[in-house]
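*Asks:* Take a look at data21.txt, compact mmCIF, C-alpha atoms:
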```txt
# COMPACT_ATOMS: atom_id res chain seq x y z
CA MET A 1 0.00 0.00 0.00
CA THR A 2 2.86 2.37 0.85
CA ASP A 3 4.62 1.63 -2.41
CA ASP A 4 1.42 2.29 -4.41
CA LEU A 5 0.83 5.58 -2.59
CA ASP A 6 4.41 6.69 -3.21
CA LEU A 7 4.02 5.75 -6.86
CA ASP A 8 0.79 7.74 -7.25
CA LEU A 9 2.37 10.78 -5.63
CA ALA A 10 5.42 10.53 -7.87
CA THR A 11 3.20 10.27 -10.94
CA ALA A 12 1.15 13.29 -9.88
CA ARG A 13 4.28 15.35 -9.36
CA ARG A 14 5.62 14.32 -12.74
CA LEU A 15 2.36 15.32 -14.45
CA ARG A 16 2.33 18.72 -12.72
CA THR A 17 5.87 19.51 -13.84
CA ALA A 18 5.62 17.97 -17.31
CA PRO A 19 6.17 20.49 -20.13
CA LEU A 20 3.30 21.39 -22.44
CA PRO A 21 3.25 19.11 -25.50
CA PRO A 22 4.63 20.91 -28.60
CA LYS A 23 1.44 20.57 -30.64
CA ILE A 24 -0.69 22.06 -27.89
CA GLY A 25 1.82 24.85 -27.30
CA ILE A 26 1.91 25.72 -31.00
CA ALA A 27 -1.90 25.69 -31.18
CA PHE A 28 -2.21 28.11 -28.27
CA ILE A 29 0.49 30.41 -29.68
CA VAL A 30 -1.26 30.50 -33.06
CA ALA A 31 -4.57 31.20 -31.33
CA MET A 32 -3.11 34.10 -29.32
CA LEU A 33 -1.44 35.60 -32.40
CA SER A 34 -4.71 35.29 -34.30
CA VAL A 35 -6.57 37.08 -31.50
CA LEU A 36 -4.03 39.91 -31.62
CA LEU A 37 -4.23 40.21 -35.42
CA ILE A 38 -8.02 40.10 -35.47
CA SER A 39 -8.19 42.69 -32.68
CA LEU A 40 -5.79 44.96 -34.58
CA ALA A 41 -7.75 44.55 -37.82
CA SER A 42 -11.02 45.28 -35.99
CA TYR A 43 -9.52 48.40 -34.42
CA LEU A 44 -8.23 49.69 -37.76
CA THR A 45 -11.53 49.09 -39.54
CA LEU A 46 -13.45 50.79 -36.74
CA GLU A 47 -11.08 53.75 -37.02
CA GLN A 48 -11.76 53.90 -40.75
CA ARG A 49 -15.49 53.82 -40.10
CA SER A 50 -15.21 56.62 -37.57
CA GLU A 51 -13.09 58.75 -39.89
CA ALA A 52 -15.45 58.19 -42.82
CA ALA A 53 -18.46 59.06 -40.67
CA GLU A 54 -16.73 62.23 -39.43
CA ARG A 55 -16.00 63.28 -43.01
CA ILE A 56 -19.67 62.80 -43.91
CA ILE A 57 -20.66 64.98 -40.96
CA GLN A 58 -18.09 67.54 -42.08
CA SER A 59 -19.67 67.74 -45.54
CA SER A 60 -23.11 68.17 -43.98
CA ARG A 61 -21.76 70.98 -41.80
CA SER A 62 -20.27 72.65 -44.87
CA LEU A 63 -23.62 72.61 -46.65
CA ASP A 64 -25.32 74.04 -43.57
CA HIS A 65 -22.73 76.83 -43.29
CA LEU A 66 -23.16 77.64 -46.99
CA LYS A 67 -26.88 78.08 -46.42
CA GLU A 68 -26.23 80.31 -43.40
CA VAL A 69 -23.87 82.54 -45.39
CA LEU A 70 -26.38 82.89 -48.22
CA VAL A 71 -29.30 83.60 -45.87
CA THR A 72 -27.22 86.14 -43.94
CA MET A 73 -26.29 88.03 -47.10
CA LEU A 74 -29.88 87.94 -48.42
CA ASN A 75 -31.12 89.34 -45.11
CA ALA A 76 -28.52 92.10 -45.28
CA GLU A 77 -29.62 92.94 -48.82
CA THR A 78 -33.25 93.01 -47.73
CA GLY A 79 -32.48 95.34 -44.83
CA LYS A 80 -30.54 97.66 -47.12
CA ARG A 81 -33.45 97.90 -49.58
CA GLY A 82 -35.94 98.61 -46.81
CA TYR A 83 -33.76 101.43 -45.52
CA LEU A 84 -33.32 102.92 -48.99
CA LEU A 85 -37.06 102.94 -49.53
CA THR A 86 -38.11 104.29 -46.13
CA GLY A 87 -35.11 105.92 -44.60
CA ASP A 88 -36.15 104.20 -41.36
CA ASP A 89 -33.06 103.04 -39.46
CA ALA A 90 -34.99 100.07 -38.01
CA TYR A 91 -34.86 98.39 -41.42
CA LEU A 92 -31.11 98.11 -41.06
CA ASP A 93 -31.35 95.56 -38.22
CA PRO A 94 -30.91 92.55 -40.58
CA TYR A 95 -27.95 94.31 -42.14
CA ARG A 96 -26.37 94.96 -38.75
CA ARG A 97 -26.88 91.35 -37.67
CA ALA A 98 -25.32 90.21 -40.92
CA ARG A 99 -22.35 92.47 -40.31
CA ALA A 100 -21.97 91.02 -36.80
CA THR A 101 -22.24 87.33 -37.75
CA ILE A 102 -20.90 86.99 -41.28
CA SER A 103 -17.26 86.74 -40.15
CA THR A 104 -18.13 83.86 -37.83
CA ASP A 105 -20.17 82.13 -40.54
CA LEU A 106 -17.31 82.41 -43.00
CA ALA A 107 -14.79 81.18 -40.43
CA GLU A 108 -16.91 78.09 -39.71
CA LEU A 109 -17.33 77.49 -43.42
CA GLY A 110 -13.57 77.71 -43.94
CA LYS A 111 -12.97 75.09 -41.24
CA SER A 112 -15.44 72.65 -42.79
CA THR A 113 -14.26 73.04 -46.39
CA PRO A 114 -10.47 72.59 -46.31
CA GLU A 115 -10.54 70.82 -49.69
CA GLN A 116 -12.07 73.91 -51.33
CA ARG A 117 -9.81 76.58 -49.92
CA ALA A 118 -9.44 78.47 -53.21
CA LYS A 119 -13.20 78.63 -53.78
CA PHE A 120 -13.77 79.65 -50.18
CA ASP A 121 -11.27 82.51 -50.49
CA THR A 122 -13.08 83.70 -53.62
CA LEU A 123 -16.44 83.53 -51.82
CA ALA A 124 -15.04 85.51 -48.88
CA GLN A 125 -13.87 88.20 -51.32
CA TYR A 126 -17.28 88.33 -53.00
CA VAL A 127 -18.94 88.73 -49.58
CA ALA A 128 -16.56 91.57 -48.70
CA ASP A 129 -17.28 93.27 -52.04
CA SER A 130 -21.05 92.97 -51.53
CA LEU A 131 -20.88 94.37 -48.01
CA GLY A 132 -18.73 97.22 -49.27
CA ILE A 133 -21.36 98.09 -51.89
CA MET A 134 -24.07 97.96 -49.21
CA ASP A 135 -21.98 100.25 -47.00
CA ARG A 136 -21.59 102.72 -49.86
CA THR A 137 -25.31 102.70 -50.69
CA ILE A 138 -26.38 103.09 -47.07
CA GLY A 139 -23.85 105.83 -46.55
CA LEU A 140 -25.26 107.83 -49.47
CA ARG A 141 -28.84 107.41 -48.19
CA ARG A 142 -27.89 108.33 -44.66
CA GLY A 143 -26.11 111.41 -45.93
CA GLY A 144 -29.32 112.58 -47.57
CA ASP A 145 -28.32 111.68 -51.13
CA ALA A 146 -31.28 109.42 -51.90
CA VAL A 147 -30.86 110.02 -55.64
CA GLY A 148 -27.20 109.05 -55.52
CA ALA A 149 -28.02 105.95 -53.50
CA LEU A 150 -30.68 104.96 -56.02
CA ALA A 151 -28.29 105.55 -58.90
CA TYR A 152 -25.71 103.39 -57.18
CA VAL A 153 -28.27 100.59 -56.84
CA GLN A 154 -29.32 100.97 -60.48
CA SER A 155 -25.71 100.62 -61.58
CA GLY A 156 -26.13 96.89 -60.98
CA ARG A 157 -23.03 96.50 -58.82
CA GLY A 158 -24.96 95.16 -55.85
CA LYS A 159 -26.88 92.66 -57.99
CA LEU A 160 -23.68 91.49 -59.68
CA ALA A 161 -22.03 90.99 -56.29
CA MET A 162 -24.97 88.95 -54.96
CA ASP A 163 -25.11 86.88 -58.15
CA ARG A 164 -21.44 86.06 -57.72
CA ILE A 165 -22.08 84.99 -54.14
CA ARG A 166 -24.98 82.75 -55.20
CA ASP A 167 -22.98 81.17 -58.01
CA GLN A 168 -19.94 80.59 -55.82
CA ILE A 169 -22.03 79.06 -53.03
CA ALA A 170 -23.77 76.81 -55.58
CA SER A 171 -20.39 75.70 -56.94
CA ILE A 172 -19.03 74.91 -53.49
CA ALA A 173 -22.27 73.10 -52.60
CA ARG A 174 -22.01 70.89 -55.71
CA ASP A 175 -18.47 69.92 -54.83
CA GLU A 176 -19.45 69.23 -51.23
CA GLU A 177 -22.35 67.04 -52.38
CA ALA A 178 -19.93 65.07 -54.54
CA LEU A 179 -17.50 64.80 -51.62
CA ARG A 180 -20.29 63.64 -49.32
CA SER A 181 -21.37 60.96 -51.80
CA GLU A 182 -17.79 59.72 -52.06
CA ARG A 183 -17.40 59.75 -48.30
CA GLN A 184 -20.64 57.82 -47.89
CA ARG A 185 -19.29 55.23 -50.32
CA GLN A 186 -16.06 55.01 -48.34
CA TRP A 187 -18.03 54.68 -45.11
CA GLN A 188 -20.07 51.83 -46.59
CA GLU A 189 -16.90 50.09 -47.70
CA ALA A 190 -15.48 50.49 -44.19
CA VAL A 191 -18.69 49.02 -42.74
CA ASN A 192 -18.47 46.04 -45.10
CA VAL A 193 -14.81 45.44 -44.25
CA SER A 194 -15.53 45.81 -40.54
CA THR A 195 -18.36 43.29 -40.76
CA LEU A 196 -16.19 40.89 -42.75
CA VAL A 197 -13.38 41.17 -40.21
CA ALA A 198 -15.76 40.64 -37.29
CA VAL A 199 -17.52 37.63 -38.83
CA GLY A 200 -14.39 36.16 -40.38
CA GLY A 201 -12.42 36.70 -37.21
CA SER A 202 -15.11 34.98 -35.16
CA VAL A 203 -15.08 31.99 -37.50
CA VAL A 204 -11.27 31.80 -37.42
CA LEU A 205 -11.22 32.06 -33.64
CA LEU A 206 -13.87 29.37 -33.31
CA GLY A 207 -11.87 27.11 -35.61
CA LEU A 208 -8.68 27.74 -33.67
CA ILE A 209 -10.44 27.08 -30.38
CA LEU A 210 -11.77 23.78 -31.71
CA LEU A 211 -8.33 22.83 -33.04
CA ALA A 212 -6.71 23.74 -29.73
CA LEU A 213 -9.37 21.78 -27.88
CA GLY A 214 -8.82 18.76 -30.08
CA ALA A 215 -5.05 18.99 -29.67
CA THR A 216 -5.48 19.36 -25.91
CA LEU A 217 -7.73 16.31 -25.69
CA ARG A 218 -5.37 14.23 -27.82
CA GLY A 219 -2.41 15.36 -25.76
CA HIS A 220 -4.27 14.60 -22.56
CA ARG A 221 -5.15 11.11 -23.76
CA GLU A 222 -1.58 10.48 -24.88
CA GLN A 223 -0.23 11.76 -21.57
CA ARG A 224 -2.62 9.55 -19.62
CA ALA A 225 -1.65 6.56 -21.71
CA ARG A 226 2.06 7.20 -21.17
CA SER A 227 1.52 7.77 -17.46
CA TRP A 228 -0.51 4.55 -17.21
CA ILE A 229 2.25 2.57 -18.93
CA GLU A 230 5.01 4.17 -16.87
CA SER A 231 3.07 3.62 -13.65
CA GLY A 232 2.62 -0.04 -14.51
CA GLN A 233 6.27 -0.41 -15.35
CA VAL A 234 7.31 1.12 -12.07
CA ARG A 235 4.84 -1.00 -10.12
CA LEU A 236 6.08 -4.15 -11.86
CA SER A 237 9.69 -3.17 -11.17
CA LEU A 238 8.93 -2.75 -7.49
CA ARG A 239 7.37 -6.22 -7.29
CA MET A 240 10.32 -7.79 -9.14
CA GLY A 241 12.98 -6.23 -6.93
CA GLY A 242 15.18 -8.26 -4.61
CA GLU A 243 16.30 -11.89 -4.75
CA GLN A 244 13.39 -14.22 -5.52
CA THR A 245 12.95 -17.74 -6.83
CA MET A 246 11.73 -18.12 -10.38
CA GLU A 247 8.37 -19.42 -9.18
CA ALA A 248 7.87 -16.54 -6.75
CA LEU A 249 8.99 -14.00 -9.35
CA GLY A 250 6.65 -15.42 -11.96
CA ALA A 251 3.77 -15.45 -9.53
CA LYS A 252 4.33 -11.79 -8.60
CA VAL A 253 4.66 -10.74 -12.24
CA ILE A 254 1.46 -12.52 -13.21
CA GLU A 255 -0.39 -11.19 -10.17
CA THR A 256 0.77 -7.61 -10.75
CA LEU A 257 -0.03 -7.60 -14.47
CA ALA A 258 -3.39 -9.27 -13.97
CA GLN A 259 -4.42 -6.74 -11.35
CA TYR A 260 -3.13 -3.78 -13.37
CA LEU A 261 -4.75 -4.96 -16.61
CA ASP A 262 -7.94 -6.19 -14.92
CA ALA A 263 -7.26 -9.62 -16.40
CA GLY A 264 -9.06 -12.65 -15.04
CA VAL A 265 -6.40 -15.14 -16.14
CA GLY A 266 -2.63 -14.80 -16.59
CA ALA A 267 0.22 -17.05 -17.69
CA ILE A 268 3.97 -16.81 -18.31
CA HIS A 269 5.78 -19.02 -20.81
CA VAL A 270 9.44 -19.79 -20.13
CA ALA A 271 11.61 -20.82 -23.03
CA GLU A 272 13.65 -23.97 -22.35
CA ASP A 273 17.09 -24.62 -23.77
CA ASP A 274 15.67 -26.86 -26.47
CA GLY A 275 13.21 -24.14 -27.57
CA ARG A 276 10.15 -25.59 -25.90
CA LEU A 277 7.87 -23.28 -23.86
```
Rewrite the coordinates I just gave you, this time as structure tokens.
*Replies:*
Amino acid sequence: MTDDLDLDLATARRLRTAPLPPKIGIAFIVAMLSVLLISLASYLTLEQRSEAAERIIQSSRSLDHLKEVLVTMLNAETGKRGYLLTGDDAYLDPYRRARATISTDLAELGKSTPEQRAKFDTLAQYVADSLGIMDRTIGLRRGGDAVGALAYVQSGRGKLAMDRIRDQIASIARDEEALRSERQRQWQEAVNVSTLVAVGGSVVLLGLILLALGATLRGHREQRARSWIESGQVRLSLRMGGEQTMEALGAKVIETLAQYLDAGVGAIHVAEDDGRL
């Protein structure tokens, strides 16, 4: 009983300190590397999705700012006309608000349209020209020269300036619409790639987990089989130790093997000198 207990303890210690089988180790290393690669790919695709979505939002902001600039300038023009007709300073409120906010509107538009810097600069110049014409017209009317103010309006300079603003805004808006369509396409591609990475990565991980599980089970079975054989060999060696007669040795060998193999019957054949068993 003591020998068996010592043997079991020795086997348990050997199993605890046994190195991981190479196949199982390789399977787990491959699985960990795959997890890292799939995580990196997922992160990159999510970043692409976020960037594409932000660019779409940027185009939408640009279109909104274009509308604000146009509405602001139209309101200023309306206020100027009301003042020219009535001479009432209250009609200049839209013009004053436009003067106070147009710089901010243009600044926001410039931030949201970096790809169209040249067109934006031209639009900003057209806005400055239009406001300068309004200032000149209002100045004449305020100075009592209603006829001069009317003549200045009839010269068509103010209309030409506003037409330039409308055309430039329309041109920028067309380009922004095209940019937004392209960015939406890029966003959809990023979504498709992200979905493919997520689904494909899940399938790959599942496959690797199953492979690792299979390798682990096979390794466990092989380890148990080796341990069972080694344990039997050690047990048999212990029973065969010391000086014993042939009959006693044979009896112990048969008894040990029969018990270890759960055999009901056991026999040993000894070869005689003449070859007979």
*Asks:* Check the smallest atom-to-atom distance from each of A:Tyr95, A:Trp187, A:Phe120, A:Tyr83 to A:Ala173 using only C-alpha atoms, then report the winner.
*Replies:*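 Among A:Tyr95, A:Trp187, A:Phe120, A:Tyr83, it is A:Phe120 that comes nearest to A:Ala173.
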*Asks:* Measuring between all atoms listed in the file, which one of A:Leu277, A:Glu230, A:Leu37, A:Thr137 shows the shortest distance to A:Ala151?
*Replies:* A:Thr137
*Asks:* State, in Å with one decimal place, the distance from atom CA of A:Arg81 to atom CA of A:Ser62.
*Replies:*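 Separating atom CA of A:Arg81 from atom CA of A:Ser62 is a distance of 28.9 Å.
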*Asks:* How close does stretch 42-87 of chain A get to stretch 102-118 of chain A? List, as a Markdown table, each residue of stretch 42-87 of chain A within 9 Å, its nearest atom pair and the distance in Å to one decimal, counting only C-alpha atoms.
*Replies:*
```
| residue | atom | partner | partner_atom | distance |
| --- | --- | --- | --- | --- |
| A:Gln58 | CA | A:Ser112 | CA | 5.8 |
| A:Ser59 | CA | A:Ser112 | CA | 7.0 |
| A:Ser60 | CA | A:Ser112 | CA | 9.0 |
| A:Arg61 | CA | A:Ser112 | CA | 6.6 |
| A:Ser62 | CA | A:Ser112 | CA | 5.3 |
| A:Leu63 | CA | A:Leu109 | CA | 8.6 |
| A:Asp64 | CA | A:Leu109 | CA | 8.7 |
| A:His65 | CA | A:Leu109 | CA | 5.4 |
| A:Leu66 | CA | A:Leu109 | CA | 6.8 |
| A:Glu68 | CA | A:Asp105 | CA | 6.9 |
| A:Val69 | CA | A:Asp105 | CA | 6.1 |
| A:Thr72 | CA | A:Ile102 | CA | 6.9 |
| A:Met73 | CA | A:Ile102 | CA | 8.0 |
```
*Asks:* With all atoms listed in the file counted, which protein, DNA or RNA residues have an atom no more than 12 Å from (-17.6, 47.0, -42.3) in the file frame? Please answer as a list of chain:residue names.
*Replies:*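 With a cut-off of 12 Å, the residues come to A:Ala41, A:Ser42, A:Tyr43, A:Leu44, A:Thr45, A:Leu46, A:Glu47, A:Gln48, A:Arg49, A:Ser50, A:Ala52, A:Arg185, A:Gln186, A:Trp187, A:Gln188, A:Glu189, A:Ala190, A:Val191, A:Asn192, A:Val193, A:Ser194, A:Thr195, A:Leu196, A:Val197, A:Ala198, A:Val199, A:Gly200.
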*Asks:* Store the residues picked out above, limited to C-alpha atoms, as a short mmCIF file (atom, residue, chain, number, x, y, z; two decimals), in the coordinates of the input.
*Replies:*
```
data_model
loop_
_atom_site.label_atom_id
_atom_site.label_comp_id
_atom_site.auth_asym_id
_atom_site.auth_seq_id
_atom_site.Cartn_x
_atom_site.Cartn_y
_atom_site.Cartn_z
CA ALA A 41 -7.75 44.55 -37.82
CA SER A 42 -11.02 45.28 -35.99
CA TYR A 43 -9.52 48.40 -34.42
CA LEU A 44 -8.23 49.69 -37.76
CA THR A 45 -11.53 49.09 -39.54
CA LEU A 46 -13.45 50.79 -36.74
CA GLU A 47 -11.08 53.75 -37.02
CA GLN A 48 -11.76 53.90 -40.75
CA ARG A 49 -15.49 53.82 -40.10
CA SER A 50 -15.21 56.62 -37.57
CA ALA A 52 -15.45 58.19 -42.82
CA ARG A 185 -19.29 55.23 -50.32
CA GLN A 186 -16.06 55.01 -48.34
CA TRP A 187 -18.03 54.68 -45.11
CA GLN A 188 -20.07 51.83 -46.59
CA GLU A 189 -16.90 50.09 -47.70
CA ALA A 190 -15.48 50.49 -44.19
CA VAL A 191 -18.69 49.02 -42.74
CA ASN A 192 -18.47 46.04 -45.10
CA VAL A 193 -14.81 45.44 -44.25
CA SER A 194 -15.53 45.81 -40.54
CA THR A 195 -18.36 43.29 -40.76
CA LEU A 196 -16.19 40.89 -42.75
CA VAL A 197 -13.38 41.17 -40.21
CA ALA A 198 -15.76 40.64 -37.29
CA VAL A 199 -17.52 37.63 -38.83
CA GLY A 200 -14.39 36.16 -40.38
#
```
*Asks:* Please compute the atom CA of A:Ile209-atom CA of A:Ala225 distance, one decimal, in Å.
*Replies:*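 Here the two named atoms are 23.9 Å from each other.
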*Asks:* Looking at all atoms listed in the file, which of A:Leu33, A:Ala271, A:Ala248, A:Leu261 is the one that sits closest to A:Trp228?
*Replies:*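 The closest residue to A:Trp228 is A:Leu261.
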*Asks:* State, in Å with one decimal place, the distance from atom CA of A:Leu131 to atom CA of A:Val153.
*Replies:* 13.1 Å
*Asks:* Applying 10 Å and only C-alpha atoms, which residues near A:Leu236 remain after dropping the ones on its own chain fewer than 6 positions away? List them as a PDB file with C-alpha atoms, keeping the file's coordinate frame.
*Replies:*
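Written output follows (selection31.pdb):
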```pdb
ATOM      1  CA  GLU A 230       5.010   4.170 -16.870  1.00  0.00           C
ATOM      2  CA  LYS A 252       4.330 -11.790  -8.600  1.00  0.00           C
ATOM      3  CA  VAL A 253       4.660 -10.740 -12.240  1.00  0.00           C
ATOM      4  CA  ILE A 254       1.460 -12.520 -13.210  1.00  0.00           C
ATOM      5  CA  GLU A 255      -0.390 -11.190 -10.170  1.00  0.00           C
ATOM      6  CA  THR A 256       0.770  -7.610 -10.750  1.00  0.00           C
ATOM      7  CA  LEU A 257      -0.030  -7.600 -14.470  1.00  0.00           C
ATOM      8  CA  TYR A 260      -3.130  -3.780 -13.370  1.00  0.00           C
TER       9      TYR A 260
END
```
*Asks:* Could you give me, as a VMD selection string, the residues within 12 Å of A:Arg142, counting all atoms listed in the file and dropping anything in the same chain fewer than 6 positions from it?
*Replies:* chain A and resid 80 83 to 89 92 134 to 136 148 to 149
*Asks:* Got a sec: who's within 7 Å of A:Pro94, counting all atoms listed in the file, leaving out chain neighbours fewer than 4 positions off, as a compact mmCIF listing (two decimals) with C-alpha atoms, in the coordinates of the input?
*Replies:*
```txt
# COMPACT_ATOMS: atom_id res chain seq x y z
CA ASN A 75 -31.12 89.34 -45.11
CA ALA A 76 -28.52 92.10 -45.28
CA GLY A 79 -32.48 95.34 -44.83
CA ALA A 98 -25.32 90.21 -40.92
```
